[in-house]
file model_13.txt (compact mmCIF, C-alpha atoms and all ligand atoms)
# COMPACT_ATOMS: atom_id res chain seq x y z
CA MET A 1 -6.16 25.52 -20.68
CA THR A 2 -2.69 24.15 -20.11
CA LYS A 3 -1.20 21.28 -21.98
CA ASN A 4 -1.15 19.17 -18.82
CA SER A 5 -4.90 19.11 -18.53
CA VAL A 6 -5.21 17.26 -21.82
CA GLY A 7 -5.69 13.53 -21.63
CA ARG A 8 -6.24 11.30 -18.70
CA PRO A 9 -5.01 12.36 -15.28
CA PRO A 10 -1.96 10.39 -14.13
CA LYS A 11 -2.59 7.30 -12.06
CA ARG A 12 -1.64 7.75 -8.43
CA ASP A 13 -1.01 5.30 -5.64
CA LYS A 14 -2.89 5.56 -2.37
CA ASP A 15 -0.29 7.97 -1.00
CA GLY A 16 -0.84 10.30 -3.92
CA ASN A 17 2.45 9.54 -5.65
CA LYS A 18 2.34 9.42 -9.39
CA VAL A 19 2.52 5.91 -10.79
CA TYR A 20 4.58 5.73 -13.94
CA ARG A 21 3.01 3.38 -16.39
CA LYS A 22 4.19 1.82 -19.59
CA ILE A 23 2.22 0.48 -22.48
CA CYS A 24 2.81 -3.24 -22.96
CA SER A 25 1.30 -4.81 -26.01
CA VAL A 26 -0.03 -8.26 -25.42
CA TYR A 27 -1.92 -10.49 -27.76
CA LEU A 28 -5.05 -11.88 -26.23
CA ASP A 29 -7.97 -13.85 -27.49
CA ILE A 30 -10.41 -11.16 -28.58
CA ARG A 31 -13.27 -12.98 -26.87
CA LEU A 32 -11.40 -12.79 -23.57
CA VAL A 33 -10.74 -9.08 -24.06
CA GLN A 34 -14.42 -8.55 -24.86
CA TYR A 35 -15.47 -10.45 -21.77
CA ILE A 36 -13.16 -8.49 -19.46
CA ASP A 37 -14.21 -5.20 -21.06
CA ASP A 38 -17.88 -6.04 -20.54
CA LYS A 39 -17.29 -7.35 -17.06
CA VAL A 40 -14.95 -4.76 -15.54
CA GLY A 41 -14.70 -1.96 -18.07
CA ASN A 42 -10.97 -1.34 -17.87
CA LEU A 43 -8.66 -4.01 -19.22
CA SER A 44 -5.45 -2.32 -17.99
CA ASP A 45 -6.59 -2.10 -14.39
CA TRP A 46 -7.87 -5.63 -14.48
CA MET A 47 -4.64 -6.96 -16.02
CA GLU A 48 -2.54 -5.23 -13.40
CA LYS A 49 -4.70 -6.59 -10.61
CA ALA A 50 -4.54 -10.10 -12.08
CA MET A 51 -0.75 -9.91 -12.41
CA ARG A 52 -0.34 -8.68 -8.86
CA LYS A 53 -2.57 -11.53 -7.72
CA ALA A 54 -0.47 -14.02 -9.68
CA PHE A 55 2.71 -12.89 -7.92
CA GLU A 56 1.23 -12.03 -4.54
CA ASN A 57 3.36 -14.54 -2.63
CA GLU A 58 6.52 -14.08 -4.68
CA TYR A 59 6.88 -10.37 -5.01
CA CYS A 60 6.44 -7.40 -2.70
CA PHE A 61 4.55 -4.65 -4.50
CA TYR A 62 5.54 -2.15 -1.83
CA CYS A 63 9.28 -2.69 -2.38
CA PHE A 64 9.02 -3.96 -5.93
CA ASP A 65 11.40 -6.63 -4.76
CA ASP A 66 11.26 -10.43 -4.69
CA LYS A 67 13.08 -11.08 -1.40
CA ILE A 68 10.17 -13.11 -0.08
CA LYS A 69 10.55 -15.82 2.56
CA GLU A 70 7.95 -18.50 3.05
CA ASN A 71 7.41 -20.23 6.38
CA ALA A 72 4.72 -22.51 7.77
CA LEU A 73 2.41 -19.59 8.51
CA ASN A 74 2.95 -16.91 5.93
CA TYR A 75 4.89 -15.18 3.17
CA LYS A 76 7.09 -12.37 4.38
CA CYS A 77 9.03 -9.62 2.64
CA THR A 78 12.62 -9.52 3.91
CA ASN A 79 13.65 -6.26 2.28
CA MET A 80 15.47 -4.41 5.06
CA ARG A 81 13.96 -1.03 4.35
CA HIS A 82 10.49 -2.55 4.39
CA GLU A 83 11.21 -4.28 7.71
CA GLN A 84 12.24 -0.95 9.18
CA MET A 85 9.11 0.76 7.85
CA ASP A 86 6.67 -1.96 8.98
CA GLY A 87 4.06 -0.30 11.14
CA LYS A 88 5.43 3.15 10.28
CA GLY A 89 3.34 3.89 7.25
CA ALA A 90 4.30 0.85 5.22
CA PRO A 91 2.02 -2.13 4.79
CA SER A 92 2.86 -5.21 6.85
CA ILE A 93 5.93 -7.17 5.73
CA ILE A 94 3.68 -10.22 5.89
CA LEU A 95 2.28 -10.34 2.40
CA ASN A 96 -0.19 -13.13 3.03
CA TRP A 97 -1.16 -15.54 5.76
CA LYS A 98 -1.61 -19.18 4.97
CA TYR A 99 -4.69 -21.15 5.86
CA CYS A 100 -5.22 -23.94 8.34
CA GLU A 101 -6.45 -27.26 6.95
CA CYS A 102 -9.93 -26.31 8.19
CA GLY A 103 -9.89 -23.15 6.06
CA ASN A 104 -9.22 -20.57 8.78
CA SER A 105 -6.54 -17.99 8.15
CA PHE A 106 -3.52 -17.98 10.45
CA ALA A 107 -3.67 -14.20 10.57
CA PRO A 108 -3.43 -13.17 14.22
CA VAL A 109 -6.57 -11.92 15.90
CA ASP A 110 -5.94 -8.91 18.15
CA GLY A 111 -2.23 -9.19 17.39
CA GLN A 112 -1.99 -12.73 18.78
CA PHE A 113 -1.40 -15.91 16.83
CA ALA A 114 -3.97 -18.04 18.58
CA GLY A 115 -3.05 -21.42 17.14
CA ILE A 116 -0.06 -23.63 17.75
CA THR A 117 2.93 -24.21 15.54
CA ASP A 118 3.99 -27.80 15.62
CA GLY A 119 6.97 -27.92 13.31
CA ASP A 120 5.71 -27.55 9.78
CA HIS A 121 2.10 -28.18 10.73
CA PRO A 122 0.56 -25.16 12.38
CA VAL A 123 -2.99 -25.45 13.62
CA CYS A 124 -5.46 -22.62 14.05
CA ALA A 125 -7.15 -21.70 17.34
CA ASN A 126 -10.40 -23.42 16.40
CA CYS A 127 -8.64 -26.67 15.60
CA VAL A 128 -6.68 -26.47 18.85
CA ARG A 129 -9.95 -26.08 20.75
CA GLU A 130 -11.50 -29.02 18.93
CA TRP A 131 -8.41 -31.13 19.45
CA ARG A 132 -8.56 -30.42 23.19
CA LEU A 133 -12.23 -31.41 23.30
CA LEU A 134 -11.48 -34.66 21.52
CA ASN A 135 -8.38 -35.33 23.58
CA PRO A 136 -9.21 -34.37 27.14
CA ARG A 137 -6.25 -34.45 29.45
CA GLU A 138 -6.03 -37.64 31.45
CA GLU A 139 -6.50 -37.05 35.13
ZN ZN B 201 8.58 -5.33 0.84
ZN ZN B 202 -8.04 -24.97 11.74
call {"tool": "encode", "arguments": {"input": "model_13.txt", "output": "structure tokens"}}
result
Amino acid sequence: MTKNSVGRPPKRDKDGNKVYRKICSVYLDIRLVQYIDDKVGNLSDWMEKAMRKAFENEYCFYCFDDKIKENALNYKCTNMRHEQMDGKGAPSIILNWKYCECGNSFAPVDGQFAGITDGDHPVCANCVREWRLLNPREE
């Protein structure tokens, strides 16, 4: 048995690259720790997921960079290398799509943004349809 086989195997990302991790001591209410342990089993994984969630629109976890631009429809990573790699093995530079007032995501369906962008107030395809039904064109 080699020395490397001792201990837990290294964490790897979905491309198989080793993820270097660091121990960070945090003080938490023991009842919260107990709850998370019971609920999900692995506090570290859960903490990392929660932190990524907390920064999902401020930080690109592909680039590990915070060059994020927000517009009316979405949050976009503007890291040049990421932009060049978009669609070539990298995840989309659009980190998250916003939601219409009705709750629908603005994420394009079949590659097409089906709503309308009226200045800062975009509207999803469903709302456009409804609006047209309520406001028939005058003949
Ligand atoms: Zn990025
Ligand atoms: Zn809508």
call {"tool": "closest_residue", "arguments": {"input": "model_13.txt", "among": "A:Trp97, A:Tyr20, A:Phe113, A:Trp46", "to": "A:Leu73", "atoms": "all atoms listed in the file"}}
result
A:Trp97
call {"tool": "closest_residue", "arguments": {"input": "model_13.txt", "among": "A:Cys102, A:Ala50, A:Cys60, A:Ile36", "to": "ligand ZN 202 (chain B)", "atoms": "only C-alpha atoms and all ligand atoms"}}
result
A:Cys102
call {"tool": "residues_near_ligand", "arguments": {"input": "model_13.txt", "ligand": "ligand ZN 201 (chain B)", "cutoff": "10 Å", "atoms": "all atoms listed in the file", "output": "list of chain:residue names"}}
result
A:Tyr59, A:Cys60, A:Phe61, A:Tyr62, A:Cys63, A:Phe64, A:Asp65, A:Asp66, A:Lys67, A:Ile68, A:Lys76, A:Cys77, A:Thr78, A:Asn79, A:Met80, A:Arg81, A:His82, A:Glu83, A:Met85, A:Asp86, A:Ala90, A:Pro91, A:Ser92, A:Ile93, A:Ile94, A:Leu95
call {"tool": "closest_atom_pairs", "arguments": {"input": "model_13.txt", "of": "chain A", "to": "ligand ZN 202 (chain B)", "cutoff": "9 Å", "atoms": "all atoms listed in the file", "output": "Markdown table"}}
result
| residue | atom | partner | partner_atom | distance |
| --- | --- | --- | --- | --- |
| A:Tyr99 | CA | B:ZN202 | ZN | 7.8 |
| A:Cys100 | CA | B:ZN202 | ZN | 4.5 |
| A:Glu101 | CA | B:ZN202 | ZN | 5.5 |
| A:Cys102 | CA | B:ZN202 | ZN | 4.2 |
| A:Gly103 | CA | B:ZN202 | ZN | 6.2 |
| A:Asn104 | CA | B:ZN202 | ZN | 5.4 |
| A:Ser105 | CA | B:ZN202 | ZN | 8.0 |
| A:Phe106 | CA | B:ZN202 | ZN | 8.4 |
| A:Gly115 | CA | B:ZN202 | ZN | 8.2 |
| A:Pro122 | CA | B:ZN202 | ZN | 8.6 |
| A:Val123 | CA | B:ZN202 | ZN | 5.4 |
| A:Cys124 | CA | B:ZN202 | ZN | 4.2 |
| A:Ala125 | CA | B:ZN202 | ZN | 6.5 |
| A:Asn126 | CA | B:ZN202 | ZN | 5.4 |
| A:Cys127 | CA | B:ZN202 | ZN | 4.3 |
| A:Val128 | CA | B:ZN202 | ZN | 7.4 |
| A:Glu130 | CA | B:ZN202 | ZN | 8.9 |
call {"tool": "residues_around", "arguments": {"input": "model_13.txt", "residues": "A:Lys22", "least_positions_apart": "3", "cutoff": "12 Å", "atoms": "all atoms listed in the file", "output": "PyMOL selection string"}}
result
chain A and resi 10-11+19+25+44+48
call {"tool": "atom_distance", "arguments": {"input": "model_13.txt", "atom1": "atom CA of A:Ala54", "atom2": "atom CA of A:Asp38"}}
result
22.0 Å
call {"tool": "axis_aligned_box", "arguments": {"input": "model_13.txt", "around": "stretch 71-74 of chain A", "padding_each_side": "4 Å", "output": "JSON"}}
result
{"center_x": 4.9, "center_y": -19.7, "center_z": 7.2, "size_x": 13.0, "size_y": 13.6, "size_z": 10.6}
call {"tool": "atom_distance", "arguments": {"input": "model_13.txt", "atom1": "atom CA of A:Phe55", "atom2": "atom CA of A:Lys14"}}
result
20.1 Å
call {"tool": "closest_residue", "arguments": {"input": "model_13.txt", "among": "A:Asn96, A:Gln84, A:Thr117, A:Gln34", "to": "A:Ala72", "atoms": "all atoms listed in the file"}}
result
A:Thr117
call {"tool": "residues_around", "arguments": {"input": "model_13.txt", "residues": "A:Val26", "least_positions_apart": "5", "cutoff": "12 Å", "atoms": "all atoms listed in the file", "output": "PyMOL selection string"}}
result
chain A and resi 33+43-44+47
call {"tool": "write_last_selection", "arguments": {"input": "model_13.txt", "atoms": "C-alpha atoms", "output": "CSV table (one decimal), in the frame of the given file"}}
result
chain,number,residue,atom,x,y,z
A,33,VAL,CA,-10.7,-9.1,-24.1
A,43,LEU,CA,-8.7,-4.0,-19.2
A,44,SER,CA,-5.4,-2.3,-18.0
A,47,MET,CA,-4.6,-7.0,-16.0
call {"tool": "atom_distance", "arguments": {"input": "model_13.txt", "atom1": "atom CA of A:Ile116", "atom2": "atom CA of A:Arg129"}}
result
10.6 Å
call {"tool": "decode", "arguments": {"input": "model_13.txt", "residues": "stretch 2-93 of chain A", "atoms": "C-alpha atoms", "output": "short mmCIF file (atom, residue, chain, number, x, y, z; two decimals), in the first residue's frame"}}
result
data_model
loop_
_atom_site.label_atom_id
_atom_site.label_comp_id
_atom_site.auth_asym_id
_atom_site.auth_seq_id
_atom_site.Cartn_x
_atom_site.Cartn_y
_atom_site.Cartn_z
CA THR A 2 1.38 3.39 -0.94
CA LYS A 3 1.23 6.42 1.23
CA ASN A 4 -1.11 8.13 -1.24
CA SER A 5 -3.88 5.64 -0.69
CA VAL A 6 -4.18 6.65 2.95
CA GLY A 7 -6.94 9.07 3.81
CA ARG A 8 -9.70 10.44 1.73
CA PRO A 9 -9.29 10.65 -2.03
CA PRO A 10 -8.77 14.20 -3.27
CA LYS A 11 -11.85 16.12 -4.32
CA ARG A 12 -12.09 16.59 -8.06
CA ASP A 13 -14.12 18.92 -10.21
CA LYS A 14 -16.34 17.59 -12.96
CA ASP A 15 -13.45 17.64 -15.42
CA GLY A 16 -11.40 15.45 -13.13
CA ASN A 17 -9.01 18.17 -12.01
CA LYS A 18 -7.93 18.03 -8.42
CA VAL A 19 -9.57 20.67 -6.27
CA TYR A 20 -7.20 22.07 -3.68
CA ARG A 21 -8.98 22.63 -0.45
CA LYS A 22 -8.09 24.44 2.71
CA ILE A 23 -9.37 23.97 6.20
CA CYS A 24 -11.15 27.08 7.46
CA SER A 25 -12.20 27.07 11.06
CA VAL A 26 -15.51 28.72 11.65
CA TYR A 27 -17.48 28.98 14.83
CA LEU A 28 -21.06 27.93 14.41
CA ASP A 29 -23.94 27.34 16.73
CA ILE A 30 -23.59 23.67 17.60
CA ARG A 31 -27.31 23.12 17.06
CA LEU A 32 -26.96 24.39 13.50
CA VAL A 33 -23.99 22.10 12.88
CA GLN A 34 -25.96 19.18 14.30
CA TYR A 35 -28.92 19.98 12.09
CA ILE A 36 -26.82 20.21 8.91
CA ASP A 37 -24.95 17.02 9.82
CA ASP A 38 -28.23 15.16 10.33
CA LYS A 39 -29.79 16.66 7.25
CA VAL A 40 -27.01 16.42 4.66
CA GLY A 41 -24.23 14.44 6.29
CA ASN A 42 -21.29 16.52 5.14
CA LEU A 43 -20.91 20.00 6.59
CA SER A 44 -17.99 20.99 4.32
CA ASP A 45 -19.84 20.20 1.11
CA TRP A 46 -22.94 21.91 2.36
CA MET A 47 -21.00 25.02 3.45
CA GLU A 48 -19.30 25.29 0.10
CA LYS A 49 -22.60 24.93 -1.73
CA ALA A 50 -24.22 27.54 0.50
CA MET A 51 -21.34 29.97 -0.05
CA ARG A 52 -21.44 29.49 -3.80
CA LYS A 53 -25.17 30.11 -3.68
CA ALA A 54 -24.63 33.28 -1.65
CA PHE A 55 -22.26 34.69 -4.28
CA GLU A 56 -23.87 33.18 -7.37
CA ASN A 57 -24.59 36.55 -8.99
CA GLU A 58 -21.41 38.28 -7.86
CA TYR A 59 -18.71 35.79 -8.56
CA CYS A 60 -17.89 33.40 -11.39
CA PHE A 61 -16.88 30.04 -9.98
CA TYR A 62 -15.49 28.99 -13.33
CA CYS A 63 -13.02 31.90 -13.49
CA PHE A 64 -12.84 32.51 -9.76
CA ASP A 65 -13.25 36.13 -10.70
CA ASP A 66 -15.77 38.82 -9.79
CA LYS A 67 -15.98 40.67 -13.12
CA ILE A 68 -19.75 40.23 -13.23
CA LYS A 69 -22.06 42.58 -15.11
CA GLU A 70 -25.74 42.80 -14.35
CA ASN A 71 -28.30 43.83 -16.94
CA ALA A 72 -32.09 43.74 -17.10
CA LEU A 73 -32.11 40.06 -18.03
CA ASN A 74 -29.19 38.35 -16.39
CA TYR A 75 -25.83 38.29 -14.63
CA LYS A 76 -22.90 37.78 -16.96
CA CYS A 77 -19.23 37.01 -16.43
CA THR A 78 -17.07 39.43 -18.42
CA ASN A 79 -13.75 37.68 -17.92
CA MET A 80 -12.22 37.67 -21.41
CA ARG A 81 -10.90 34.14 -21.26
CA HIS A 82 -14.31 32.89 -20.17
CA GLU A 83 -15.99 34.79 -23.03
CA GLN A 84 -13.65 33.11 -25.47
CA MET A 85 -14.32 29.67 -23.97
CA ASP A 86 -18.12 30.06 -23.83
CA GLY A 87 -19.62 27.15 -25.73
CA LYS A 88 -16.19 25.52 -26.08
CA GLY A 89 -16.19 23.44 -22.96
CA ALA A 90 -16.77 26.23 -20.48
CA PRO A 91 -20.12 26.84 -18.83
CA SER A 92 -22.15 29.76 -20.18
CA ILE A 93 -20.87 33.23 -19.29
#
